[in-house]
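Quick look at model16.tsv (TSV, C-alpha atoms):
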```tsv
chain	number	residue	atom	x	y	z
A	29	MET	CA	-14.82	-0.20	11.92
A	30	LYS	CA	-17.85	-0.83	14.12
A	31	SER	CA	-18.78	-4.40	14.98
A	32	LEU	CA	-21.58	-5.91	12.95
A	33	VAL	CA	-24.56	-6.79	15.15
A	34	VAL	CA	-27.59	-8.82	14.10
A	35	VAL	CA	-30.51	-8.54	16.51
A	36	CYS	CA	-33.04	-11.40	16.66
A	37	VAL	CA	-36.47	-10.93	18.24
A	38	ALA	CA	-38.92	-13.83	18.45
A	39	ARG	CA	-40.72	-16.04	20.91
A	40	GLY	CA	-38.39	-18.71	22.20
A	41	ALA	CA	-35.58	-17.43	20.00
A	42	SER	CA	-32.25	-19.14	20.16
A	43	GLN	CA	-29.07	-17.33	19.15
A	44	VAL	CA	-25.70	-18.53	17.97
A	45	ARG	CA	-22.72	-16.23	18.13
A	46	LYS	CA	-20.09	-17.07	15.55
A	47	GLY	CA	-17.15	-14.97	14.38
A	48	GLY	CA	-18.40	-11.90	16.24
A	49	HIS	CA	-21.91	-12.11	14.68
A	50	ILE	CA	-25.26	-13.26	16.08
A	51	TRP	CA	-26.89	-15.61	13.57
A	52	ARG	CA	-30.57	-16.47	13.15
A	53	LEU	CA	-31.97	-19.95	13.79
A	54	ALA	CA	-35.19	-21.78	12.93
A	55	GLY	CA	-38.36	-19.70	13.03
A	56	VAL	CA	-36.54	-16.61	14.19
A	57	GLU	CA	-36.82	-13.32	12.39
A	58	CYS	CA	-33.56	-11.42	12.33
A	59	ALA	CA	-32.97	-7.84	11.42
A	60	ARG	CA	-29.97	-5.63	11.76
A	61	PRO	CA	-30.86	-2.12	12.90
A	62	LEU	CA	-27.20	-1.25	13.43
A	63	SER	CA	-25.40	-0.55	10.17
A	64	LEU	CA	-21.73	-0.65	9.36
A	65	SER	CA	-19.63	2.45	9.72
A	66	ALA	CA	-19.38	4.87	6.80
A	67	ALA	CA	-15.89	3.56	6.08
A	68	SER	CA	-17.30	0.19	5.02
A	69	PRO	CA	-18.14	0.01	1.30
A	70	ARG	CA	-21.16	-2.23	1.72
A	71	GLN	CA	-24.13	-2.43	4.03
A	72	HIS	CA	-26.50	-5.37	4.31
A	73	THR	CA	-29.83	-5.76	6.10
A	74	TYR	CA	-31.27	-9.23	6.60
A	75	LEU	CA	-34.92	-9.90	7.48
A	76	GLY	CA	-36.54	-13.30	7.22
A	77	THR	CA	-36.76	-16.79	8.56
A	78	THR	CA	-34.70	-19.90	8.11
A	79	ASN	CA	-34.99	-23.63	8.72
A	80	MET	CA	-32.81	-25.78	10.93
A	81	SER	CA	-31.70	-27.74	7.87
A	82	GLU	CA	-30.20	-24.62	6.30
A	83	GLU	CA	-26.59	-23.89	6.96
A	84	LEU	CA	-25.60	-20.72	8.71
A	85	GLN	CA	-24.21	-18.47	6.00
A	86	ALA	CA	-22.67	-15.03	5.81
A	87	ASP	CA	-22.46	-12.71	2.84
A	88	PHE	CA	-20.57	-9.86	4.34
A	89	GLU	CA	-17.76	-8.22	2.41
A	90	GLY	CA	-15.50	-5.74	4.10
A	91	GLY	CA	-13.24	-3.20	2.48
A	92	ASP	CA	-9.83	-4.21	1.22
A	93	SER	CA	-7.70	-3.03	4.08
A	94	GLY	CA	-4.43	-4.08	2.44
A	95	ALA	CA	-1.05	-3.11	3.74
A	96	SER	CA	-0.59	0.52	4.67
A	97	GLN	CA	1.46	2.56	2.23
A	98	VAL	CA	2.77	4.91	4.93
A	99	TYR	CA	3.35	4.90	8.68
A	100	PRO	CA	3.83	7.76	11.17
A	101	ALA	CA	7.21	8.63	12.68
A	102	GLN	CA	8.25	11.45	14.97
A	103	CYS	CA	10.08	14.09	12.97
A	104	SER	CA	13.11	14.04	15.28
A	105	SER	CA	13.58	10.31	14.61
A	106	LEU	CA	14.03	10.76	10.86
A	107	ARG	CA	17.55	10.43	9.45
A	108	LYS	CA	19.44	11.43	6.32
A	109	ASN	CA	19.18	8.81	3.53
A	110	GLY	CA	15.92	7.61	5.07
A	111	HIS	CA	12.49	8.22	3.58
A	112	VAL	CA	9.67	10.67	4.25
A	113	VAL	CA	6.52	11.95	2.56
A	114	ILE	CA	6.79	15.61	1.55
A	115	LYS	CA	3.90	17.32	-0.20
A	116	GLY	CA	2.30	13.93	-0.85
A	117	ARG	CA	5.39	12.47	-2.54
A	118	ALA	CA	7.67	9.64	-1.40
A	119	CYS	CA	11.12	11.17	-0.95
A	120	LYS	CA	14.63	10.22	0.09
A	121	ILE	CA	16.00	12.56	2.74
A	122	VAL	CA	19.18	14.22	1.45
A	123	GLU	CA	19.48	17.04	3.97
A	124	MET	CA	18.08	17.76	7.41
A	125	SER	CA	18.85	20.25	10.13
A	126	THR	CA	17.30	21.08	13.50
A	127	SER	CA	16.83	24.60	14.83
A	128	LYS	CA	17.32	25.40	18.51
A	129	THR	CA	14.30	25.28	20.78
A	130	GLY	CA	12.66	28.67	21.11
A	131	LYS	CA	11.31	30.27	24.26
A	132	HIS	CA	7.72	29.32	23.58
A	133	GLY	CA	7.98	26.52	21.07
A	134	HIS	CA	9.59	23.30	19.97
A	135	ALA	CA	12.71	22.77	17.94
A	136	LYS	CA	11.93	22.57	14.23
A	137	VAL	CA	13.39	20.17	11.69
A	138	HIS	CA	14.11	21.34	8.16
A	139	LEU	CA	13.93	18.49	5.66
A	140	VAL	CA	15.08	18.36	2.05
A	141	GLY	CA	14.00	15.32	0.05
A	142	ILE	CA	14.37	14.02	-3.49
A	143	ASP	CA	11.31	12.39	-5.09
A	144	LEU	CA	12.03	8.68	-5.52
A	145	PHE	CA	10.38	8.61	-8.95
A	146	THR	CA	10.88	12.04	-10.52
A	147	GLY	CA	14.08	13.29	-8.88
A	148	LYS	CA	12.35	16.57	-7.99
A	149	LYS	CA	13.47	18.32	-4.79
A	150	TYR	CA	10.97	19.01	-2.00
A	151	GLU	CA	11.38	20.81	1.32
A	152	ASP	CA	9.38	20.90	4.53
A	153	ILE	CA	9.68	22.19	8.09
A	154	CYS	CA	8.16	20.23	10.97
A	155	PRO	CA	8.24	20.62	14.78
A	156	SER	CA	10.56	17.92	16.11
A	157	THR	CA	7.86	16.39	18.32
A	158	HIS	CA	5.27	16.12	15.54
A	159	ASN	CA	4.72	13.08	13.33
A	160	MET	CA	5.33	12.85	9.61
A	161	ASP	CA	4.35	10.11	7.21
A	162	VAL	CA	7.08	7.70	6.13
A	163	PRO	CA	6.47	5.72	2.92
A	164	VAL	CA	6.77	1.94	2.88
A	165	VAL	CA	9.49	1.45	0.26
A	166	LYS	CA	10.11	-1.96	-1.29
A	167	ARG	CA	12.54	-3.34	-3.85
A	168	ALA	CA	12.11	-6.48	-5.92
A	169	ASP	CA	14.16	-8.08	-8.70
A	170	TYR	CA	12.49	-9.38	-11.86
A	171	GLN	CA	13.98	-11.16	-14.85
A	172	LEU	CA	13.63	-9.18	-18.08
A	173	ILE	CA	11.94	-11.30	-20.77
A	174	ASP	CA	11.07	-8.79	-23.47
A	175	ILE	CA	10.51	-5.13	-24.31
A	176	SER	CA	7.37	-4.22	-26.27
A	177	ASP	CA	7.26	-1.74	-29.15
A	178	ASP	CA	5.47	0.77	-26.93
A	179	GLY	CA	8.14	0.57	-24.23
A	180	PHE	CA	6.55	-1.79	-21.69
A	181	LEU	CA	8.75	-4.36	-20.00
A	182	SER	CA	7.82	-8.03	-19.79
A	183	LEU	CA	9.08	-9.15	-16.39
A	184	MET	CA	9.09	-12.61	-14.81
A	185	MET	CA	8.35	-12.87	-11.11
A	186	GLU	CA	9.71	-15.56	-8.78
A	187	SER	CA	6.44	-17.46	-9.17
A	188	GLY	CA	7.05	-17.73	-12.92
A	189	ASP	CA	4.15	-15.39	-13.74
A	190	LEU	CA	4.73	-12.49	-16.09
A	191	ARG	CA	3.83	-8.86	-15.60
A	192	ASP	CA	3.93	-6.22	-18.32
A	193	ASP	CA	2.61	-3.10	-16.61
A	194	ILE	CA	5.88	-1.24	-16.03
A	195	LYS	CA	7.35	1.01	-18.70
A	196	ILE	CA	11.03	1.28	-19.41
A	197	PRO	CA	12.37	4.24	-17.41
A	198	GLU	CA	13.68	7.38	-19.01
A	199	GLY	CA	17.29	8.47	-18.74
A	200	GLU	CA	20.45	6.45	-18.27
A	201	VAL	CA	18.78	3.39	-16.75
A	202	GLY	CA	16.40	3.06	-19.67
A	203	VAL	CA	19.22	3.37	-22.21
A	204	GLU	CA	21.25	0.77	-20.30
A	205	ILE	CA	18.32	-1.68	-20.31
A	206	LYS	CA	17.75	-1.32	-24.05
A	207	THR	CA	21.43	-1.63	-24.92
A	208	LYS	CA	22.09	-4.69	-22.79
A	209	PHE	CA	18.87	-6.41	-23.90
A	210	GLU	CA	19.69	-5.84	-27.57
A	211	ASN	CA	23.15	-7.31	-26.92
A	212	GLY	CA	21.49	-10.50	-25.65
A	213	GLU	CA	22.39	-10.08	-21.97
A	214	ASP	CA	20.25	-11.87	-19.37
A	215	LEU	CA	19.17	-9.15	-16.94
A	216	LEU	CA	17.52	-8.73	-13.58
A	217	LEU	CA	15.74	-5.41	-13.14
A	218	THR	CA	15.30	-3.87	-9.69
A	219	VAL	CA	11.83	-2.36	-9.28
A	220	LEU	CA	11.27	0.25	-6.58
A	221	SER	CA	7.73	0.61	-5.24
A	222	ALA	CA	6.21	3.16	-2.86
A	223	MET	CA	2.77	4.72	-2.40
A	224	GLY	CA	1.25	2.96	-5.39
A	225	GLN	CA	4.04	3.82	-7.83
A	226	GLU	CA	6.65	1.52	-9.34
A	227	MET	CA	9.77	2.16	-11.40
A	228	VAL	CA	12.86	0.28	-12.52
A	229	VAL	CA	15.85	1.88	-10.81
A	230	ALA	CA	18.74	-0.50	-11.54
A	231	THR	CA	19.92	-3.49	-13.59
A	232	LYS	CA	22.23	-6.37	-12.83
A	233	PRO	CA	23.27	-9.60	-14.56
A	234	ASN	CA	21.07	-12.63	-13.96
A	235	MET	CA	23.51	-15.11	-12.39
A	236	LYS	CA	21.02	-17.98	-12.12
```
Rewrite the structure from the file as C-alpha cells, please.
Amino acid sequence: MKSLVVVCVARGASQVRKGGHIWRLAGVECARPLSLSAASPRQHTYLGTTNMSEELQADFEGGDSGASQVYPAQCSSLRKNGHVVIKGRACKIVEMSTSKTGKHGHAKVHLVGIDLFTGKKYEDICPSTHNMDVPVVKRADYQLIDISDDGFLSLMMESGDLRDDIKIPEGEVGVEIKTKFENGEDLLLTVLSAMGQEMVVATKPNMK
C-alpha cells in the first residue's frame, strides 16, 4: 500500500511528522492530493485550518490485513501428508510423483490431494521450480456444551466464551458426537480450520 502523504502549503507553515504522516498546525491549510492505493477500502481528503489548542488527530482506517490464509511454496518442496491448494481447495497430499527433466523443460510434479472438508479427490501437475499455494491449517479443541435442534454445536473456548456457528459434521464423526453426548460424556471436539472453513474432525474425552 502506498504511503499516505498530507501536503501543507501556507506562509510560515510548520509541519509535524508523526507515524509516517505530515500533520497540519495552526493557521495552515492542509490538503492531500495523493490518494491511497486502490487496495485501500477508504480514501480521505482533508482541507481546512486548525488551532494550536486542538489535538493532532487522525481518522484513517486501513483494510483488515489479517493473517494470510495461504503461503507460497516451491512445488518440489511439498511432501506427502502435507497440504496444498488444488483448484482453490485446501487438500492433504496423498500421492505425489516427479517426472524426469525433459530436454527443454523442468521436471514436473504430479500431485493428488484429498479435500480437507469434503473428502473429494483433486489432482494437479506443476513444474517443480514453480510455486503453489499452501493453506494455513489450524486445529483447536473446544468443549462441547450443547447441540441445538437444528444441528449447531455450542462450543466453549479457552476464554470461556461460547461459539455456536459450527454444525455437527456428517458421517461417522457426527454420529459419534451425538451418541456420546446423549450418553452424558464430557467431550472435547477438535475443529480443523483452513481458508475460511471450519469443521469438527475428531472427538476425545475432556480430562480436565
_Residue among A:Ser105, A:Ser96, A:Thr218, A:Ser127 lying closest to A:Ala230, counting all atoms listed in the file_ = A:Thr218
*For A:Asn159, please output as a PyMOL selection string all residues within 6 Å (counting only C-alpha atoms; exclusion window: fewer than 4 positions along the same chain).*
chain A and resi 100-103
Could you write out the selected residues, including C-alpha atoms, as a compact mmCIF listing (two decimals), in the coordinates of the input?
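The resulting file, again01.txt, is reproduced below:
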```txt
# COMPACT_ATOMS: atom_id res chain seq x y z
CA PRO A 100 3.83 7.76 11.17
CA ALA A 101 7.21 8.63 12.68
CA GLN A 102 8.25 11.45 14.97
CA CYS A 103 10.08 14.09 12.97
```
*atom CA of A:Glu210 to atom CA of A:Pro233, straight-line distance in Å*: 14.0 Å
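One finds atom CA of A:Asp193 at 17.6 Å from atom CA of A:Leu215.
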Could you give me, as a PDB file with C-alpha atoms, keeping the file's coordinate frame, the residues within 10 Å of A:Asp214, counting all atoms listed in the file and dropping anything in the same chain fewer than 3 positions from it?
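Wrote selection.pdb, looks like this:
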```pdb
ATOM      1  CA  GLN A 171      13.980 -11.160 -14.850  1.00  0.00           C
ATOM      2  CA  LEU A 172      13.630  -9.180 -18.080  1.00  0.00           C
ATOM      3  CA  ILE A 173      11.940 -11.300 -20.770  1.00  0.00           C
ATOM      4  CA  LYS A 208      22.090  -4.690 -22.790  1.00  0.00           C
ATOM      5  CA  PHE A 209      18.870  -6.410 -23.900  1.00  0.00           C
ATOM      6  CA  ASN A 211      23.150  -7.310 -26.920  1.00  0.00           C
ATOM      7  CA  LYS A 232      22.230  -6.370 -12.830  1.00  0.00           C
ATOM      8  CA  PRO A 233      23.270  -9.600 -14.560  1.00  0.00           C
ATOM      9  CA  ASN A 234      21.070 -12.630 -13.960  1.00  0.00           C
ATOM     10  CA  MET A 235      23.510 -15.110 -12.390  1.00  0.00           C
ATOM     11  CA  LYS A 236      21.020 -17.980 -12.120  1.00  0.00           C
TER      12      LYS A 236
END
```
*atom CA of A:Gly133 and atom CA of A:Tyr99, how far apart in Å?*
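Taking atom CA of A:Tyr99 and atom CA of A:Gly133, their separation equals 25.3 Å.
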_Please determine, counting all atoms listed in the file, which residue among A:Ala222, A:Ser125, A:Ile142, A:Val228 has the shortest atom-to-atom distance to A:Lys195._
A:Val228
*Among listed residues A:Val229, A:Met223, A:Ile175, A:Val137, nearest A:Val113 (using all atoms listed in the file)*: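 Closest to A:Val113, using all atoms listed in the file: A:Met223.
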_Sphere at (12.2, -10.2, -6.9), radius 9 Å, counting only C-alpha atoms: residues as an MDAnalysis selection string_ = chainID A and resid 167:171 184:186 216:219
*Please provide the set of residues having any atom within 12 Å of A:Lys128, restricted to only C-alpha atoms, with same-chain residues fewer than 4 positions apart removed, written as an NGL selection string.*
:A and (132-138 or 155-156)
*Nearest to A:Gln97: which of A:Gln225, A:Ser176, A:Thr146, A:Asn109 is it, counting only C-alpha atoms?*
A:Gln225
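Each of A:Leu106, A:Val165, A:Glu226, A:His158 was checked against A:Val140 using only C-alpha atoms; the smallest atom-to-atom distance is that of A:Leu106.
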